[in-house]
Number of protein chains: 2
Amino acid sequence: MRGEQRDTARAPARGHTGAVNLVTLADITAAADRIAGHAVRTPLVPAPWADRPLWIKPESLQPVGAFKIRGAYNAVASIEPGRRERGVVAYSSGNHAQAVAYAAKAFGVPAWIVVPHDTPAVKVEATRSYGAEVVLVGTGERESKAYEIVERQDATLVPPFDDPHVIAGQGTIGLEIVADLPEVDLVLLPVSGGGLIAGVAAAVKALRPQAQVWAVEPELAADTAASLARGELVSWPVEDRNRTIADGLRSQPSPLTFAHQRALVDGIVTVSEDEIRSAVAVLARRAHLVAEPSGAVTTAAVLHHADELPAGRTVAVLSGGNIDPDVLAELLRV
Amino acid sequence: MRGEQRDTARAPARGHTGAVNLVTLADITAAADRIAGHAVRTPLVPAPWADRPLWIKPESLQPVGAFKIRGAYNAVASIEPGRRERGVVAYSSGNHAQAVAYAAKAFGVPAWIVVPHDTPAVKVEATRSYGAEVVLVGTGERESKAYEIVERQDATLVPPFDDPHVIAGQGTIGLEIVADLPEVDLVLLPVSGGGLIAGVAAAVKALRPQAQVWAVEPELAADTAASLARGELVSWPVEDRNRTIADGLRSQPSPLTFAHQRALVDGIVTVSEDEIRSAVAVLARRAHLVAEPSGAVTTAAVLHHADELPAGRTVAVLSGGNIDPDVLAELLRV
């Protein structure tokens, strides 16, 4: 699919769109204060091997190997302490699970993590290593099981993306990008549930309105591209979305994250499975960064869809690094 | 070999040892100003998978994939401009070569880089990609060839380690470590020519005298361990040093860098080839960082020689990431 530039002049004004309140710069700045010292302040890594001025922001270097620690930590930190001690619950394709487990451990409270049975073993083991109880279920049963535990334990659900505190936490990436590269022209982000791009777009557009924020999605899970083209949420069958190697990008936006996208995101490109695989290898070879396929889609967009993107100083957010070592070894040999 | 703790109380005072002037904190602070915006301000990456509080400082994220950009850039920036425009010359096992080429390109001056013919292809290609002329020679002929070019072109030699500007540039890593982790107890650095540990030790000991600075060396190229034990430079045959997979650690200290080590370094441990290989895999799997074998020796020391090291908050400097992708793939599969 070709990149689609959206006419942001017609998008609703920031701060409120219909009945949905968007996350504000103040929310994101407050999140930055909460997570300081708990999330890594990742640098912008210059990528002189690209055909444009490019920097990679390696969220793979976070303690849980993914940006998810920012949102999860901010959400757990925002729960009223008396309630927080009864524990937290999460359902997730993997990285959010680890992040909630990590944050729960930091606060010394119990965590129940519901993950699909086909989650890579490396992610399940990592989640357990943070002291969480891992509950394996079928992909379609994650939410119902999570709510069942919430009810039984009187615990608090930390949603993977459909939550203002989670979105604000992810938005701290945007603060850092603009601080490190004040003249940034383009920020590229993977999109799945949409919490990452919602928060980062809110921060970037507030601080540097002339910068563009674009989404990148696997062709095989391009529900967001379809939704943005139609102007309303379009659902793809989970069996279709599960085809992509980018196992962190198989979710769909919620009304809350989609409202942020409609208001703040300038365009979207989709990338093929081969392009994703190739980008994982390029990131290891040239940037010395281990990316999971979901984290490599932004680099794939720069390498293979440059003509669909606006020109200029570009930041590609590498969202996570939790790849199976055997898969990485295989991709390095191609 | 067991780790050897040196009695620093008997070492000469900082600032001067015999006839050799040591690099000062002021030299290093000046270098930090020169390289700002040209070297990446690398973060400390928490390593919760270790048995001690550990952070990795990933110098693999520098533009040339190694810390060498710091010293090379500072040295090239310090040449008088009229002289600098006639060009710069370097001899190096690889990463310093790329760094000098990169710095020369940044200043728009020619660069001649003399490297041994067995340098990994990935490093030779990278050096050429910065516009430098690469001269391939036998390992023992590097210095003589470099001086021949200096004479012919009236250019300036940028030594890989035996130079106060190079040492001061590498020392900026020490400033960053103490700024990010003011209560650091132990800093681990690979040692070869010794420029890295000289500069970092000078910075760390000036800012936090109670922190210990330890060297790590491959067993197969343990000339520095032998030199520190004897209190004078001990030379190992180049054929012996060339046995280690850590191709960036096959050089030996100069009188200048050894004087820094005698004055400032608290101890040294050596690591086996298997420990180095294993550490490369652990860094990719758990820290999502691509390390070259030379860069992984500090992690190998933490993983396999913890009982020989002082306890406490530890920073392992990962010096570079320029590993052959096939070698990385092989190590990931073990």
# chains A, B, ... in the order shown; residues from 1 in each chain; ligands from 1
$ residues_around --residues "Pro159 in chain B" --least-positions-apart "4" --cutoff "8 Å" --atoms "only C-alpha atoms" --output "list in words"
Ala90, Tyr91, Asp163 and Val166 of chain B
$ interface_residues --of "chain B" --to "chain A" --cutoff "7 Å" --atoms "only C-alpha atoms" --output "ChimeraX atom specification"
/B:40-43,45-46,60-61,63,284-285,287-290,321,325-326,329,332-333
$ closest_residue --among "B:Asp51, B:Glu85, B:Glu183, B:Asp223" --to "Asp154 in chain B" --atoms "only C-alpha atoms"
B:Glu85
$ select_by_dssp --residues "range 45-162 of chain A" --states "strand (DSSP E or B)" --output "ChimeraX atom specification"
/A:45-46,54-58,66,88-91,111-116,133-137,156-157
$ write_last_selection --atoms "N, CA, C and O atoms" --output "mmCIF file, in the first residue's frame"
data_model
loop_
_atom_site.group_PDB
_atom_site.id
_atom_site.type_symbol
_atom_site.label_atom_id
_atom_site.label_comp_id
_atom_site.auth_asym_id
_atom_site.auth_seq_id
_atom_site.Cartn_x
_atom_site.Cartn_y
_atom_site.Cartn_z
ATOM 1 N N VAL A 45 20.509 7.708 18.158
ATOM 2 C CA VAL A 45 21.705 7.093 17.580
ATOM 3 C C VAL A 45 21.767 7.460 16.100
ATOM 4 O O VAL A 45 20.870 7.082 15.338
ATOM 5 N N PRO A 46 22.802 8.207 15.672
ATOM 6 C CA PRO A 46 22.889 8.603 14.258
ATOM 7 C C PRO A 46 23.006 7.376 13.367
ATOM 8 O O PRO A 46 23.682 6.407 13.720
ATOM 9 N N LEU A 54 19.065 10.501 9.528
ATOM 10 C CA LEU A 54 18.241 9.569 10.309
ATOM 11 C C LEU A 54 18.873 9.295 11.660
ATOM 12 O O LEU A 54 20.086 9.130 11.773
ATOM 13 N N TRP A 55 18.036 9.258 12.672
ATOM 14 C CA TRP A 55 18.449 8.839 14.007
ATOM 15 C C TRP A 55 17.504 7.742 14.480
ATOM 16 O O TRP A 55 16.295 7.818 14.262
ATOM 17 N N ILE A 56 18.082 6.738 15.154
ATOM 18 C CA ILE A 56 17.272 5.674 15.741
ATOM 19 C C ILE A 56 17.135 5.961 17.235
ATOM 20 O O ILE A 56 18.124 6.257 17.903
ATOM 21 N N LYS A 57 15.917 5.849 17.751
ATOM 22 C CA LYS A 57 15.736 5.967 19.213
ATOM 23 C C LYS A 57 15.506 4.557 19.755
ATOM 24 O O LYS A 57 14.439 3.972 19.583
ATOM 25 N N PRO A 58 16.554 3.988 20.426
ATOM 26 C CA PRO A 58 16.528 2.567 20.768
ATOM 27 C C PRO A 58 15.838 2.271 22.095
ATOM 28 O O PRO A 58 16.471 2.107 23.132
ATOM 29 N N ALA A 66 11.810 -2.794 25.968
ATOM 30 C CA ALA A 66 10.796 -2.135 25.135
ATOM 31 C C ALA A 66 10.274 -0.867 25.810
ATOM 32 O O ALA A 66 10.338 -0.732 27.030
ATOM 33 N N VAL A 88 -1.787 -5.698 40.554
ATOM 34 C CA VAL A 88 -2.116 -5.217 39.208
ATOM 35 C C VAL A 88 -2.241 -6.414 38.259
ATOM 36 O O VAL A 88 -1.645 -7.470 38.483
ATOM 37 N N VAL A 89 -3.021 -6.203 37.222
ATOM 38 C CA VAL A 89 -3.290 -7.255 36.236
ATOM 39 C C VAL A 89 -3.049 -6.672 34.843
ATOM 40 O O VAL A 89 -3.368 -5.511 34.597
ATOM 41 N N ALA A 90 -2.468 -7.475 33.965
ATOM 42 C CA ALA A 90 -2.285 -7.022 32.582
ATOM 43 C C ALA A 90 -2.523 -8.165 31.614
ATOM 44 O O ALA A 90 -2.278 -9.322 31.943
ATOM 45 N N TYR A 91 -3.007 -7.823 30.421
ATOM 46 C CA TYR A 91 -3.026 -8.785 29.327
ATOM 47 C C TYR A 91 -2.254 -8.139 28.189
ATOM 48 O O TYR A 91 -2.363 -6.933 27.977
ATOM 49 N N ALA A 111 1.532 -9.084 40.819
ATOM 50 C CA ALA A 111 1.106 -8.860 39.427
ATOM 51 C C ALA A 111 0.655 -10.180 38.817
ATOM 52 O O ALA A 111 1.303 -11.213 39.014
ATOM 53 N N TRP A 112 -0.484 -10.144 38.108
ATOM 54 C CA TRP A 112 -0.954 -11.289 37.319
ATOM 55 C C TRP A 112 -0.901 -10.872 35.853
ATOM 56 O O TRP A 112 -1.465 -9.828 35.476
ATOM 57 N N ILE A 113 -0.238 -11.681 35.034
ATOM 58 C CA ILE A 113 -0.056 -11.315 33.632
ATOM 59 C C ILE A 113 -0.687 -12.383 32.742
ATOM 60 O O ILE A 113 -0.288 -13.553 32.811
ATOM 61 N N VAL A 114 -1.657 -11.993 31.935
ATOM 62 C CA VAL A 114 -2.357 -12.918 31.046
ATOM 63 C C VAL A 114 -1.785 -12.766 29.634
ATOM 64 O O VAL A 114 -1.863 -11.676 29.055
ATOM 65 N N VAL A 115 -1.187 -13.843 29.106
ATOM 66 C CA VAL A 115 -0.575 -13.760 27.767
ATOM 67 C C VAL A 115 -1.063 -14.928 26.910
ATOM 68 O O VAL A 115 -1.409 -15.984 27.425
ATOM 69 N N PRO A 116 -1.081 -14.737 25.582
ATOM 70 C CA PRO A 116 -1.491 -15.834 24.706
ATOM 71 C C PRO A 116 -0.478 -16.969 24.751
ATOM 72 O O PRO A 116 0.719 -16.735 24.961
ATOM 73 N N GLU A 133 2.943 -13.628 38.284
ATOM 74 C CA GLU A 133 2.291 -14.884 37.944
ATOM 75 C C GLU A 133 1.806 -14.797 36.500
ATOM 76 O O GLU A 133 1.006 -13.918 36.162
ATOM 77 N N VAL A 134 2.289 -15.706 35.640
ATOM 78 C CA VAL A 134 1.928 -15.678 34.223
ATOM 79 C C VAL A 134 0.774 -16.655 33.977
ATOM 80 O O VAL A 134 0.859 -17.824 34.351
ATOM 81 N N VAL A 135 -0.294 -16.157 33.355
ATOM 82 C CA VAL A 135 -1.464 -16.982 33.042
ATOM 83 C C VAL A 135 -1.562 -17.099 31.524
ATOM 84 O O VAL A 135 -1.782 -16.104 30.827
ATOM 85 N N LEU A 136 -1.345 -18.309 30.985
ATOM 86 C CA LEU A 136 -1.361 -18.531 29.532
ATOM 87 C C LEU A 136 -2.769 -18.900 29.066
ATOM 88 O O LEU A 136 -3.385 -19.818 29.604
ATOM 89 N N VAL A 137 -3.277 -18.200 28.044
ATOM 90 C CA VAL A 137 -4.623 -18.470 27.505
ATOM 91 C C VAL A 137 -4.602 -18.356 25.981
ATOM 92 O O VAL A 137 -3.607 -17.922 25.393
ATOM 93 N N THR A 156 -6.043 -3.975 40.167
ATOM 94 C CA THR A 156 -6.243 -2.925 39.178
ATOM 95 C C THR A 156 -5.711 -3.373 37.815
ATOM 96 O O THR A 156 -4.570 -3.834 37.716
ATOM 97 N N LEU A 157 -6.529 -3.243 36.796
ATOM 98 C CA LEU A 157 -6.084 -3.567 35.446
ATOM 99 C C LEU A 157 -5.213 -2.442 34.897
ATOM 100 O O LEU A 157 -5.563 -1.265 35.017
#
$ select_by_dssp --residues "range 303-334 of chain A" --states "helix (DSSP H, G or I)" --output "list in words"
Leu303, His304, Ala306, Asp307, Glu308, Pro325, Asp326, Val327, Leu328, Ala329, Glu330, Leu331, Leu332 and Arg333 of chain A
$ write_last_selection --atoms "N, CA, C and O atoms" --output "PDB file, in the first residue's frame"
ATOM      1  N   LEU A 303      14.019   2.563   4.836  1.00  0.00           N
ATOM      2  CA  LEU A 303      14.850   1.885   3.843  1.00  0.00           C
ATOM      3  C   LEU A 303      14.083   1.564   2.565  1.00  0.00           C
ATOM      4  O   LEU A 303      14.670   1.563   1.480  1.00  0.00           O
ATOM      5  N   HIS A 304      12.789   1.291   2.679  1.00  0.00           N
ATOM      6  CA  HIS A 304      12.053   0.755   1.530  1.00  0.00           C
ATOM      7  C   HIS A 304      10.886   1.619   1.065  1.00  0.00           C
ATOM      8  O   HIS A 304      10.299   1.330   0.027  1.00  0.00           O
ATOM      9  N   ALA A 306      10.964   5.296   1.346  1.00  0.00           N
ATOM     10  CA  ALA A 306      11.381   6.689   1.545  1.00  0.00           C
ATOM     11  C   ALA A 306      10.579   7.652   0.665  1.00  0.00           C
ATOM     12  O   ALA A 306      10.287   8.781   1.068  1.00  0.00           O
ATOM     13  N   ASP A 307      10.222   7.188  -0.542  1.00  0.00           N
ATOM     14  CA  ASP A 307       9.512   8.073  -1.467  1.00  0.00           C
ATOM     15  C   ASP A 307       8.092   8.387  -1.003  1.00  0.00           C
ATOM     16  O   ASP A 307       7.477   9.345  -1.486  1.00  0.00           O
ATOM     17  N   GLU A 308       7.577   7.626  -0.076  1.00  0.00           N
ATOM     18  CA  GLU A 308       6.218   7.884   0.426  1.00  0.00           C
ATOM     19  C   GLU A 308       6.222   8.799   1.649  1.00  0.00           C
ATOM     20  O   GLU A 308       5.160   9.215   2.122  1.00  0.00           O
ATOM     21  N   PRO A 325      16.564 -15.364  19.896  1.00  0.00           N
ATOM     22  CA  PRO A 325      17.947 -15.348  19.379  1.00  0.00           C
ATOM     23  C   PRO A 325      18.125 -16.206  18.121  1.00  0.00           C
ATOM     24  O   PRO A 325      18.917 -15.851  17.244  1.00  0.00           O
ATOM     25  N   ASP A 326      17.385 -17.302  18.017  1.00  0.00           N
ATOM     26  CA  ASP A 326      17.502 -18.135  16.815  1.00  0.00           C
ATOM     27  C   ASP A 326      16.974 -17.405  15.578  1.00  0.00           C
ATOM     28  O   ASP A 326      17.517 -17.548  14.481  1.00  0.00           O
ATOM     29  N   VAL A 327      15.897 -16.661  15.765  1.00  0.00           N
ATOM     30  CA  VAL A 327      15.349 -15.887  14.636  1.00  0.00           C
ATOM     31  C   VAL A 327      16.346 -14.815  14.224  1.00  0.00           C
ATOM     32  O   VAL A 327      16.609 -14.614  13.031  1.00  0.00           O
ATOM     33  N   LEU A 328      16.936 -14.139  15.208  1.00  0.00           N
ATOM     34  CA  LEU A 328      17.939 -13.122  14.888  1.00  0.00           C
ATOM     35  C   LEU A 328      19.112 -13.747  14.127  1.00  0.00           C
ATOM     36  O   LEU A 328      19.570 -13.205  13.113  1.00  0.00           O
ATOM     37  N   ALA A 329      19.578 -14.888  14.607  1.00  0.00           N
ATOM     38  CA  ALA A 329      20.704 -15.561  13.944  1.00  0.00           C
ATOM     39  C   ALA A 329      20.353 -15.885  12.493  1.00  0.00           C
ATOM     40  O   ALA A 329      21.162 -15.687  11.582  1.00  0.00           O
ATOM     41  N   GLU A 330      19.120 -16.345  12.288  1.00  0.00           N
ATOM     42  CA  GLU A 330      18.677 -16.698  10.928  1.00  0.00           C
ATOM     43  C   GLU A 330      18.647 -15.455  10.033  1.00  0.00           C
ATOM     44  O   GLU A 330      19.119 -15.484   8.890  1.00  0.00           O
ATOM     45  N   LEU A 331      18.132 -14.342  10.560  1.00  0.00           N
ATOM     46  CA  LEU A 331      18.021 -13.129   9.750  1.00  0.00           C
ATOM     47  C   LEU A 331      19.397 -12.546   9.425  1.00  0.00           C
ATOM     48  O   LEU A 331      19.585 -11.923   8.377  1.00  0.00           O
ATOM     49  N   LEU A 332      20.362 -12.750  10.316  1.00  0.00           N
ATOM     50  CA  LEU A 332      21.711 -12.224  10.071  1.00  0.00           C
ATOM     51  C   LEU A 332      22.407 -12.985   8.950  1.00  0.00           C
ATOM     52  O   LEU A 332      23.345 -12.471   8.338  1.00  0.00           O
ATOM     53  N   ARG A 333      21.957 -14.187   8.679  1.00  0.00           N
ATOM     54  CA  ARG A 333      22.641 -15.022   7.683  1.00  0.00           C
ATOM     55  C   ARG A 333      22.050 -14.880   6.301  1.00  0.00           C
ATOM     56  O   ARG A 333      22.591 -15.438   5.349  1.00  0.00           O
TER      57      ARG A 333
END
$ closest_atom_pairs --of "range 207-237 of chain B" --to "range 252-264 of chain B" --cutoff "8 Å" --atoms "only C-alpha atoms" --output "tab-separated table"
residue	atom	partner	partner_atom	distance
B:Val213	CA	B:Leu264	CA	7.5
B:Asp223	CA	B:Gln252	CA	6.9
B:Thr224	CA	B:Gln252	CA	7.0
B:Leu228	CA	B:Arg262	CA	7.0
B:Gly231	CA	B:Arg262	CA	7.5
B:Leu233	CA	B:Phe258	CA	7.4
B:Ser235	CA	B:Gln252	CA	7.4
